[in-house]
Amino acid sequence: MAFDLSCLDTDSLEGFRSHTDPLADNTVREIIDSGYEAQINQIFALLVQNDSFDAHTFCDLDGDLADTLTRYFEKSSVLPEWADMQQVLIGEELFATYGPEVFMLLNVSSLPMCYTCANGAQVLFDTGRLLTHNGDVDPLARRLMETAQMVVNVLSPGGLLPDGKGLVTIQKVRLIHAAIRYFIKRRGWDAETLGEPINQEDLAGTLMSFGPVILSGLKHLNADLTPIQCNAYMHTWKVVGYLMGIDEQLLPDTYEQGFGLATKILEHQACESEAGKALNNACTLFMHEMIPMKLFDDVPAYLTEYFLADFSKASGIDLGECIGVKNEIDLRDKLVLRLTQFIVGHLSNVANIEVVQRISAPFNRLLLEGIIKYYNKGKKVHFFIPPSLKKNWKLED
């Protein structure tokens, strides 16, 4: 069934909370039921090490296990009939132009919006996937790198072509989601209250954080985007959503539809939670680690409040309050005092949008360079950006 925003009311969204991803879930269940639970870590280590898959990838595993994984990768690699690769190309070109801004928006807008949805945030909190551990930012950094690397792989040239890095990354993430669902439910997850872990509504909400939330942020940064570019970018993420196992009823075609779906999901799910606050605090700590300059300490909270404002207004929910972000006015005053005579000139009499546009350029540059240096300095897994994109974004090795 095609996307129809008018059909997505509270009851239908609630219904999607009981549905997950049969293909990936059945694959994990088959692995466990066949007696291979002890090898699950070996399997995922193998997935991490490979950027492509063929008949020989799983040759060192037991025959039945190899067959199970091969079937999954074959079935999950099929693009939908409606996929328009010309549209995807335009989406890739948009990312090639605005990549540094997209990275910043992921951290100050996309992820915080996901954290406002309390039930979905609880999965991340319970698994500890996006929290620091005893002050050690490395585990958190690795998880956030996985998200950033997925976005790069998906939106890099050819990422969604057969055997493209983006396609393979989606297949791996989809299987990881299924494993998380299996093990967190075995530990006593309250599905009746919270919905299934990483359910269809939560997946759709996350997808919207990569689509219309990013486009909304780019528009606030004064990016000159045409309707063709916006809808092509949305189409690219619609293809990603299909490959991620999301129901087509939750895959919008246009920016306006995506904004509407994001708003409805927020109306249904956004509320204040300790899990959401902890996750957003961890994300802020990560940015502080990437930009170890006290000057920028209040920038993440200020930008988060600013970029979530449109969705707060549309949903009627103070999204910043849901995740413990301070009042925008107080943050602005602190930033004006701190930055007035440093990098952005005299800010005391300018509007919020001008403050954002002036501080975002140096901030997103420092953040992206900090991420690259952090991940690629003595780490086992490097953060890879294709040379063509590094050239576009004027990044030094």
# chains A, B, ... in the order shown; residues from 1 in each chain; ligands from 1
>>> residues_around(residues="range 17-22 of chain A", least_positions_apart="6", cutoff="6 Å", atoms="only C-alpha atoms", output="short mmCIF file (atom, residue, chain, number, x, y, z; two decimals) with C-alpha atoms, in the first residue's frame")
data_model
loop_
_atom_site.label_atom_id
_atom_site.label_comp_id
_atom_site.auth_asym_id
_atom_site.auth_seq_id
_atom_site.Cartn_x
_atom_site.Cartn_y
_atom_site.Cartn_z
CA GLY A 195 5.93 -1.55 21.75
CA GLU A 196 8.27 -3.99 20.06
CA ASN A 199 9.48 -1.31 15.66
CA GLN A 200 8.09 0.09 12.41
CA GLU A 201 7.06 3.45 13.87
CA GLY A 245 12.60 -3.22 5.93
#
>>> residues_around(residues="range 100-114 of chain A", least_positions_apart="5", cutoff="6 Å", atoms="only C-alpha atoms", output="ChimeraX atom specification")
/A:209,280,300,304,307,364
>>> residues_around(residues="Ser388 in chain A", least_positions_apart="5", cutoff="10 Å", atoms="only C-alpha atoms", output="list in words")
Ala96, Ser156, Pro157, Trp393 and Lys394 of chain A
>>> atom_distance(atom1="CA of Asn231 in chain A", atom2="CA of Thr254 in chain A")
5.0 Å
>>> closest_residue(among="A:Lys165, A:Arg143, A:Arg186, A:Arg71", to="Ser52 in chain A", atoms="only C-alpha atoms")
A:Lys165
>>> residues_around(residues="Lys219 in chain A", least_positions_apart="2", cutoff="12 Å", atoms="only C-alpha atoms", output="number ranges by chain")
A: 98, 101-102, 105, 212-217, 221-227, 229-230, 255, 307, 310, 353, 356-357
>>> closest_residue(among="A:Leu69, A:Ile265, A:Ala309, A:Leu155", to="His235 in chain A", atoms="only C-alpha atoms")
A:Leu155
>>> atom_distance(atom1="CA of Ala121 in chain A", atom2="CA of Ile198 in chain A")
9.5 Å
>>> closest_residue(among="A:Cys283, A:Ile176, A:Leu79, A:Leu124", to="Gly241 in chain A", atoms="only C-alpha atoms")
A:Leu79
>>> closest_residue(among="A:Phe210, A:Phe125, A:Phe183, A:Trp237", to="Val88 in chain A", atoms="only C-alpha atoms")
A:Trp237
>>> residues_around(residues="Val152 in chain A", least_positions_apart="2", cutoff="10 Å", atoms="only C-alpha atoms", output="VMD selection string")
chain A and resid 92 95 to 96 99 103 146 to 150 154 to 157 159 165 to 166 383 to 386 389
>>> select_by_dssp(residues="range 195-298 of chain A", states="alpha helix (DSSP H)", output="CSV table (one decimal) with C-alpha atoms, in the first residue's frame")
chain,number,residue,atom,x,y,z
A,200,GLN,CA,8.1,0.1,12.4
A,201,GLU,CA,7.1,3.4,13.9
A,202,ASP,CA,10.5,3.9,15.5
A,203,LEU,CA,12.2,3.0,12.3
A,204,ALA,CA,10.1,5.4,10.3
A,205,GLY,CA,10.8,8.2,12.8
A,206,THR,CA,14.5,7.6,12.6
A,207,LEU,CA,14.3,7.7,8.8
A,208,MET,CA,12.5,11.0,9.0
A,209,SER,CA,15.4,12.3,11.1
A,210,PHE,CA,17.7,11.6,8.1
A,212,PRO,CA,13.0,16.0,6.3
A,213,VAL,CA,14.8,16.9,9.5
A,214,ILE,CA,18.1,17.4,7.6
A,215,LEU,CA,16.4,19.3,4.8
A,216,SER,CA,14.7,21.6,7.3
A,217,GLY,CA,18.0,22.3,8.9
A,218,LEU,CA,19.7,23.0,5.6
A,219,LYS,CA,17.0,25.5,4.8
A,220,HIS,CA,17.6,27.3,8.1
A,227,PRO,CA,11.9,21.4,-4.8
A,228,ILE,CA,13.6,18.9,-7.2
A,229,GLN,CA,16.6,18.5,-4.9
A,230,CYS,CA,14.5,18.2,-1.8
A,231,ASN,CA,12.2,15.5,-3.3
A,232,ALA,CA,15.2,13.7,-4.8
A,233,TYR,CA,16.9,13.6,-1.4
A,234,MET,CA,13.6,12.3,0.1
A,235,HIS,CA,13.4,9.6,-2.6
A,236,THR,CA,16.9,8.5,-1.8
A,237,TRP,CA,15.9,8.0,1.8
A,238,LYS,CA,12.7,6.3,0.7
A,239,VAL,CA,14.8,3.7,-1.1
A,240,VAL,CA,16.9,3.3,2.1
A,241,GLY,CA,13.8,2.9,4.2
A,242,TYR,CA,12.6,0.1,1.9
A,243,LEU,CA,15.9,-1.6,2.0
A,255,TYR,CA,9.6,16.9,1.9
A,256,GLU,CA,6.1,18.1,2.9
A,257,GLN,CA,4.8,14.5,3.4
A,258,GLY,CA,8.0,13.6,5.4
A,259,PHE,CA,7.6,16.7,7.6
A,260,GLY,CA,4.0,15.7,8.2
A,261,LEU,CA,4.9,12.1,9.1
A,262,ALA,CA,7.6,13.3,11.5
A,263,THR,CA,5.2,15.6,13.1
A,264,LYS,CA,2.6,12.8,13.6
A,265,ILE,CA,5.1,10.5,15.1
A,266,LEU,CA,6.3,13.2,17.5
A,267,GLU,CA,2.7,13.9,18.5
A,268,HIS,CA,2.3,10.2,19.2
A,269,GLN,CA,5.7,9.5,20.9
A,274,GLU,CA,15.3,10.2,31.6
A,275,ALA,CA,16.5,7.9,28.7
A,276,GLY,CA,16.2,10.8,26.2
A,277,LYS,CA,18.0,13.2,28.5
A,278,ALA,CA,20.8,10.8,29.1
A,279,LEU,CA,21.2,10.0,25.4
A,280,ASN,CA,21.3,13.7,24.5
A,281,ASN,CA,23.8,14.5,27.2
A,282,ALA,CA,26.0,11.7,25.9
A,283,CYS,CA,25.7,13.1,22.3
A,284,THR,CA,26.7,16.6,23.6
A,285,LEU,CA,29.6,15.1,25.5
A,286,PHE,CA,30.7,13.5,22.2
A,287,MET,CA,30.7,16.9,20.5
A,288,HIS,CA,32.7,18.4,23.4
A,289,GLU,CA,35.2,15.7,22.9
A,290,MET,CA,35.5,16.3,19.2
>>> closest_residue(among="A:Tyr306, A:Tyr72, A:Lys172, A:Gln249", to="Ser12 in chain A", atoms="only C-alpha atoms")
A:Gln249
>>> atom_distance(atom1="CA of Ile246 in chain A", atom2="CA of Glu93 in chain A")
24.7 Å
